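J.: Structure file my_file.csv (CSV, C-alpha atoms) is given on the next line.
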chain,number,residue,atom,x,y,z
A,173,MET,CA,183.2,88.1,173.2
A,174,ARG,CA,182.5,86.2,170.0
A,175,TRP,CA,178.7,86.5,170.5
A,176,VAL,CA,179.0,90.3,170.6
A,177,PHE,CA,180.7,90.2,167.2
A,178,TYR,CA,178.0,88.1,165.6
A,179,SER,CA,175.3,90.2,167.1
A,180,LEU,CA,176.7,93.4,165.6
A,181,LEU,CA,177.1,91.6,162.3
A,182,ILE,CA,173.4,90.6,162.2
A,183,LEU,CA,172.3,94.1,163.1
A,184,ASN,CA,174.4,95.6,160.3
A,185,VAL,CA,172.8,93.1,157.8
A,186,VAL,CA,169.3,94.0,159.0
A,187,TYR,CA,170.0,97.7,158.8
A,188,LEU,CA,171.4,97.4,155.3
A,189,GLY,CA,168.4,95.4,154.1
A,190,TRP,CA,166.0,98.0,155.5
A,191,GLN,CA,167.8,100.8,153.7
A,192,LEU,CA,167.7,98.9,150.4
A,193,LEU,CA,163.9,98.3,150.7
A,194,ALA,CA,163.3,102.0,151.4
A,195,ARG,CA,165.0,103.0,148.2
A,196,VAL,CA,163.2,100.5,145.9
A,197,ALA,CA,159.5,100.6,147.2
A,198,PRO,CA,157.5,103.8,146.2
A,199,PRO,CA,156.0,105.9,148.9
A,200,ALA,CA,152.5,104.9,149.8
A,201,GLU,CA,149.8,107.4,148.5
A,202,PRO,CA,146.8,108.3,150.5
A,203,ALA,CA,143.6,106.7,149.4
A,204,ARG,CA,141.5,108.9,147.0
A,205,ALA,CA,137.7,108.9,147.2
A,206,ALA,CA,136.1,108.1,143.9
A,207,VAL,CA,134.3,111.1,142.4
A,208,VAL,CA,131.0,110.3,140.5
A,209,ALA,CA,129.3,113.1,138.7
A,210,ALA,CA,125.6,113.5,139.7
A,211,PRO,CA,123.2,112.8,136.7
A,212,ARG,CA,121.4,115.8,135.3
A,213,GLN,CA,117.9,116.0,136.6
A,214,LEU,CA,115.3,115.2,133.9
A,215,GLN,CA,112.2,117.4,133.5
A,216,MET,CA,109.0,115.9,132.3
A,217,LEU,CA,107.3,117.8,129.5
A,218,ASN,CA,104.3,118.4,131.6
A,219,GLU,CA,106.5,120.1,134.2
A,220,GLN,CA,108.0,122.6,131.7
A,221,GLY,CA,106.6,126.1,131.9
A,222,GLY,CA,106.1,128.6,129.1
A,223,SER,CA,104.4,126.2,126.6
A,224,ASP,CA,103.8,127.8,123.2
A,225,ARG,CA,100.6,125.8,122.7
A,226,PRO,CA,97.4,127.7,123.4
A,227,ALA,CA,94.8,126.0,125.6
A,228,LEU,CA,91.9,124.7,123.6
A,229,PRO,CA,88.5,125.8,124.7
A,230,ARG,CA,86.3,123.0,125.9
A,231,GLN,CA,83.2,122.7,123.8
A,232,ALA,CA,79.8,122.5,125.5
A,233,LEU,CA,78.0,119.2,125.2
A,234,CYS,CA,74.4,118.7,124.2
A,235,LEU,CA,72.0,115.8,124.3
A,236,VAL,CA,71.0,115.0,120.7
A,237,VAL,CA,67.8,113.1,119.8
A,238,GLY,CA,67.1,111.6,116.4
A,239,PRO,CA,67.2,111.1,113.5
A,240,TRP,CA,64.0,111.6,111.7
A,241,GLY,CA,63.4,111.6,108.0
A,242,GLU,CA,60.6,114.1,108.3
A,243,ARG,CA,60.6,117.5,110.0
A,244,GLY,CA,57.0,117.1,111.3
A,245,ALA,CA,57.9,114.0,113.4
A,246,ALA,CA,60.8,115.8,115.0
A,247,GLU,CA,58.6,118.8,115.8
A,248,SER,CA,56.1,116.5,117.5
A,249,LEU,CA,58.6,115.1,120.0
A,250,GLN,CA,60.1,118.6,120.4
A,251,ARG,CA,56.7,119.7,121.7
A,252,THR,CA,56.5,116.7,124.0
A,253,LEU,CA,60.0,117.5,125.4
A,254,ARG,CA,59.4,121.2,125.9
A,255,GLU,CA,58.4,120.9,129.6
A,256,LEU,CA,61.2,118.4,130.3
A,257,ALA,CA,64.2,120.1,128.6
A,258,GLY,CA,63.0,123.4,127.2
A,259,PRO,CA,62.4,124.2,123.5
A,260,GLY,CA,65.7,122.7,122.3
A,261,GLU,CA,66.9,123.3,118.8
A,262,LEU,CA,65.8,121.5,115.7
A,263,ARG,CA,68.5,121.0,113.1
A,264,ALA,CA,68.4,119.8,109.5
A,265,VAL,CA,71.6,117.7,108.9
A,266,PRO,CA,72.6,116.6,105.4
A,267,VAL,CA,73.7,113.0,105.3
A,268,ARG,CA,75.3,111.0,102.6
A,269,LYS,CA,73.9,107.4,102.5
A,270,ASP,CA,74.2,104.4,100.3
A,271,ARG,CA,77.8,105.1,99.3
A,272,LEU,CA,78.6,103.2,96.1
A,273,SER,CA,81.3,103.0,93.4
A,274,TRP,CA,79.9,103.8,89.9
A,275,VAL,CA,81.6,102.3,86.8
A,276,TYR,CA,80.8,104.3,83.7
A,277,LEU,CA,82.0,105.5,80.3
A,278,PRO,CA,82.4,109.2,80.2
A,279,ALA,CA,79.7,111.3,78.5
A,280,THR,CA,80.1,112.4,74.8
A,281,GLU,CA,78.7,115.5,73.2
A,282,ASP,CA,77.1,113.4,70.4
A,283,ARG,CA,74.1,111.5,71.7
A,284,ASP,CA,73.9,109.4,68.6
A,285,ALA,CA,77.5,108.2,69.2
A,286,ALA,CA,76.6,107.4,72.8
A,287,LEU,CA,73.6,105.3,71.6
A,288,GLN,CA,75.7,103.5,69.1
A,289,GLN,CA,78.3,102.6,71.8
A,290,LEU,CA,75.4,101.5,74.1
A,291,ARG,CA,74.1,99.1,71.4
A,292,GLU,CA,77.6,97.8,70.8
A,293,LEU,CA,78.0,97.0,74.5
A,294,GLN,CA,74.6,95.4,74.8
A,295,GLY,CA,75.4,93.3,71.8
A,296,ARG,CA,78.4,92.0,73.7
A,297,GLY,CA,76.2,91.1,76.6
A,298,VAL,CA,77.4,94.0,78.8
A,299,ASP,CA,74.7,95.2,81.2
A,300,SER,CA,74.6,99.0,80.6
A,301,PHE,CA,72.3,102.0,80.1
A,302,ILE,CA,72.7,105.6,79.0
A,303,VAL,CA,72.2,108.5,81.3
A,304,ALA,CA,69.4,110.6,79.9
A,305,GLU,CA,69.9,113.9,81.7
A,306,GLY,CA,71.9,115.9,84.3
A,307,GLU,CA,75.6,116.6,84.3
A,308,ASP,CA,76.4,113.1,83.2
A,309,ALA,CA,73.9,113.1,80.3
A,310,ASN,CA,75.1,110.7,77.5
A,311,ALA,CA,77.4,108.8,79.9
A,312,ILE,CA,77.0,105.1,79.8
A,313,SER,CA,76.5,103.4,83.2
A,314,LEU,CA,78.1,100.0,83.6
A,315,GLY,CA,77.0,99.3,87.2
A,316,TYR,CA,77.0,100.4,90.8
A,317,PHE,CA,79.0,98.4,93.4
A,318,SER,CA,79.2,98.5,97.2
A,319,SER,CA,82.7,97.0,96.9
A,320,ALA,CA,85.3,99.4,95.5
A,321,GLU,CA,87.4,96.3,94.6
A,322,SER,CA,84.6,94.9,92.4
A,323,ALA,CA,84.2,98.2,90.7
A,324,ARG,CA,88.0,98.4,90.0
A,325,GLY,CA,87.8,94.9,88.6
A,326,LEU,CA,85.1,95.8,86.1
A,327,GLN,CA,87.0,99.0,85.1
A,328,VAL,CA,90.1,96.9,84.3
A,329,LYS,CA,88.1,94.4,82.3
A,330,MET,CA,86.4,97.1,80.3
A,331,ARG,CA,89.7,99.0,79.6
A,332,ASN,CA,91.3,95.7,78.5
A,333,ALA,CA,88.4,95.4,76.0
A,334,GLY,CA,89.1,98.9,74.7
A,335,TYR,CA,86.6,101.0,76.6
A,336,PRO,CA,87.7,104.0,78.7
A,337,ALA,CA,85.8,103.0,81.8
A,338,GLU,CA,86.1,105.3,84.9
A,339,VAL,CA,85.1,104.8,88.5
A,340,ARG,CA,83.5,107.4,90.7
A,341,GLU,CA,82.2,107.3,94.3
A,342,THR,CA,78.6,108.3,94.5
A,343,TRP,CA,75.9,108.4,97.1
A,344,LYS,CA,72.4,109.5,97.9
A,345,GLU,CA,72.2,112.6,100.0
A,346,ILE,CA,69.3,112.9,102.4
A,347,THR,CA,68.3,115.3,105.2
A,348,GLU,CA,68.0,114.0,108.8
A,349,TYR,CA,66.4,116.0,111.6
A,350,TRP,CA,67.9,116.1,115.1
A,351,LEU,CA,67.0,117.8,118.3
A,352,TYR,CA,69.7,119.4,120.4
A,353,TYR,CA,69.4,120.1,124.1
A,354,PRO,CA,72.0,121.5,126.5
A,355,VAL,CA,72.8,118.7,128.9
A,356,PRO,CA,70.2,118.8,131.7
A,357,ASP,CA,70.3,117.1,135.1
A,358,ALA,CA,70.4,113.3,135.4
A,359,GLY,CA,66.6,113.0,136.0
A,360,ALA,CA,65.6,115.1,133.0
A,361,GLY,CA,68.2,113.3,130.8
A,362,GLU,CA,66.6,110.0,131.7
A,363,ARG,CA,63.1,111.2,130.8
A,364,ILE,CA,64.5,112.5,127.5
A,365,ARG,CA,66.0,109.1,126.9
A,366,GLN,CA,62.7,107.4,127.6
A,367,ALA,CA,60.8,109.7,125.3
A,368,ALA,CA,63.3,109.1,122.5
A,369,ALA,CA,63.0,105.4,122.9
A,370,GLY,CA,59.2,105.7,122.8
A,371,ALA,CA,59.5,107.6,119.5
A,372,GLY,CA,61.9,105.0,118.0
A,373,VAL,CA,64.9,107.3,117.8
A,374,GLU,CA,68.2,107.5,119.6
A,375,MET,CA,69.8,109.8,122.2
A,376,ALA,CA,73.5,110.6,122.4
A,377,GLN,CA,75.9,113.3,123.3
A,378,ALA,CA,77.5,115.7,120.8
A,379,GLY,CA,79.0,119.2,120.7
A,380,CYS,CA,76.5,121.9,120.8
A,381,ALA,CA,78.3,124.1,118.3
A,382,THR,CA,77.1,123.9,114.7
A,383,GLY,CA,80.6,123.8,113.4
So, in terms of structure tokens, how does the structure I just supplied come out?
T.:
Amino acid sequence: MRWVFYSLLILNVVYLGWQLLARVAPPAEPARAAVVAAPRQLQMLNEQGGSDRPALPRQALCLVVGPWGERGAAESLQRTLRELAGPGELRAVPVRKDRLSWVYLPATEDRDAALQQLRELQGRGVDSFIVAEGEDANAISLGYFSSAESARGLQVKMRNAGYPAEVRETWKEITEYWLYYPVPDAGAGERIRQAAAGAGVEMAQAGCATG
């Protein structure tokens, strides 16, 4: 019966080991599903309602033909185009041309003092002349420059020599004449373009409003 004894001994050892393991190992936890927060939905600016910006009215477009330096020439083509595009509207538009930087010595109330200063400058070889009339009467002109940098250079040179030179932007203002027509159909627009080319002027599109 020795084998019965050893069998019972082995069973007791196995049972004892199982009890020890049950006490040491933590109970298994059920698997948890990972929870991920859904990202907030982005709303594009053009999808947002209730915008505080008022809608801008769309300006009507016109065909514009020109420019002319004389009103009579503009009126002549206006008569030619009357049957093609109606009477149109002739507008006189002030335009600044020949923009230059003027270097000068400010005017003085005493013309004799201005003439004496002019003689002094010319004696030093400075190209200059006195303004005879207008709001700048008795000012001494030192030159006109298309380059603002060149004008500033002369100003600095004159100031270093002791003369209070100034620089002012100036221009020649002229009047140009343009014809304005509400945009017609494509065929009439092409005939207007041809008439403008024949008259040596341009055709473009611009807002009809006078602004």
J.: Within 12 Å of Ala245 (chain A), counting all atoms listed in the file, which residues qualify if same-chain residues fewer than 3 places away don't, as a list of chain:residue names?
T.: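 My reading of the contact set: A:Val237, A:Gly238, A:Pro239, A:Trp240, A:Gly241, A:Glu242, A:Ser248, A:Leu249, A:Gln250, A:Arg251, A:Thr252, A:Leu262, A:Glu348, A:Tyr349, A:Trp350, A:Leu351, A:Ala368, A:Ala371, A:Gly372, A:Val373.
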J.: Might you pull out every residue within 12 Å of Gly334 (chain A), with only C-alpha atoms counted and same-chain residues fewer than 5 positions away left off, and present them as an mmCIF file with C-alpha atoms, in the coordinates of the input?
T.:
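Saved file out.cif follows:
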data_model
loop_
_atom_site.group_PDB
_atom_site.id
_atom_site.type_symbol
_atom_site.label_atom_id
_atom_site.label_comp_id
_atom_site.auth_asym_id
_atom_site.auth_seq_id
_atom_site.Cartn_x
_atom_site.Cartn_y
_atom_site.Cartn_z
ATOM 1 C CA LEU A 277 82.000 105.500 80.300
ATOM 2 C CA GLN A 289 78.300 102.600 71.800
ATOM 3 C CA LEU A 293 78.000 97.000 74.500
ATOM 4 C CA GLN A 327 87.000 99.000 85.100
ATOM 5 C CA VAL A 328 90.100 96.900 84.300
ATOM 6 C CA LYS A 329 88.100 94.400 82.300
#
J.: Of the candidates A:Glu338, A:Glu374, A:Glu255, A:Glu261, which shows the shortest atom-to-atom distance to Ala279 (chain A), using all atoms listed in the file?
T.: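 Of A:Glu338, A:Glu374, A:Glu255, A:Glu261, the one nearest Ala279 (chain A) is A:Glu338, counting all atoms listed in the file.
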J.: Restricting the calculation to all atoms listed in the file, which member of A:Tyr276, A:Tyr352, A:Phe301, A:Tyr316 is positioned closest to Arg263 (chain A)?
T.: A:Tyr352
J.: Could you please determine the separation between CA of Tyr353 (chain A) and CA of Lys269 (chain A) in Å, to one decimal place?
T.: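 These atoms are spaced 25.5 Å apart.
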J.: Rounded to one decimal place, report the CA of Gly260 (chain A)-CA of Ala369 (chain A) distance in Å.
T.: 17.5 Å
J.: Go ahead and compute the interatomic distance for CA of Glu281 (chain A) and CA of Gly306 (chain A), in Å to one decimal.
T.: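 Value for the CA of Glu281 (chain A)-CA of Gly306 (chain A) distance: 13.0 Å.
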J.: Can you pull out every residue within 12 Å of Arg340 (chain A), counting only C-alpha atoms, but drop anything in the same chain fewer than 6 positions away, and send it as a PyMOL selection string?
T.: chain A and resi 271-278+308+313-318+320+323-324+327
J.: Taking all atoms listed in the file into account, which of A:Ser322, A:Gln366, A:Arg291, A:Arg283 comes nearest Ala304 (chain A)?
T.: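 That would be A:Arg283, the residue with the smallest distance to Ala304 (chain A).
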J.: With only C-alpha atoms as the atoms that count, which of A:Ile364, A:Leu253, A:Ala285, A:Val355 lies nearest to Cys380 (chain A)?
T.: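 Smallest distance to Cys380 (chain A) is found for A:Val355.
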J.: Determine, counting only C-alpha atoms, which protein, DNA and RNA residues have an atom within 8 Å of an atom of Pro266 (chain A); residues of the same chain fewer than 4 positions away are not included. Present the result as a list in words.
T.: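 Residues near the query, excluding close chain neighbours: Glu345, Ile346, Thr347 and Glu348 of chain A.
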J.: Return the single residue from A:Gln294, A:Val267, A:Leu235, A:Leu256 that is closest to Trp343 (chain A), with distances computed using only C-alpha atoms.
T.: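 Going through A:Gln294, A:Val267, A:Leu235, A:Leu256 one by one, the smallest distance to Trp343 (chain A) is for A:Val267.
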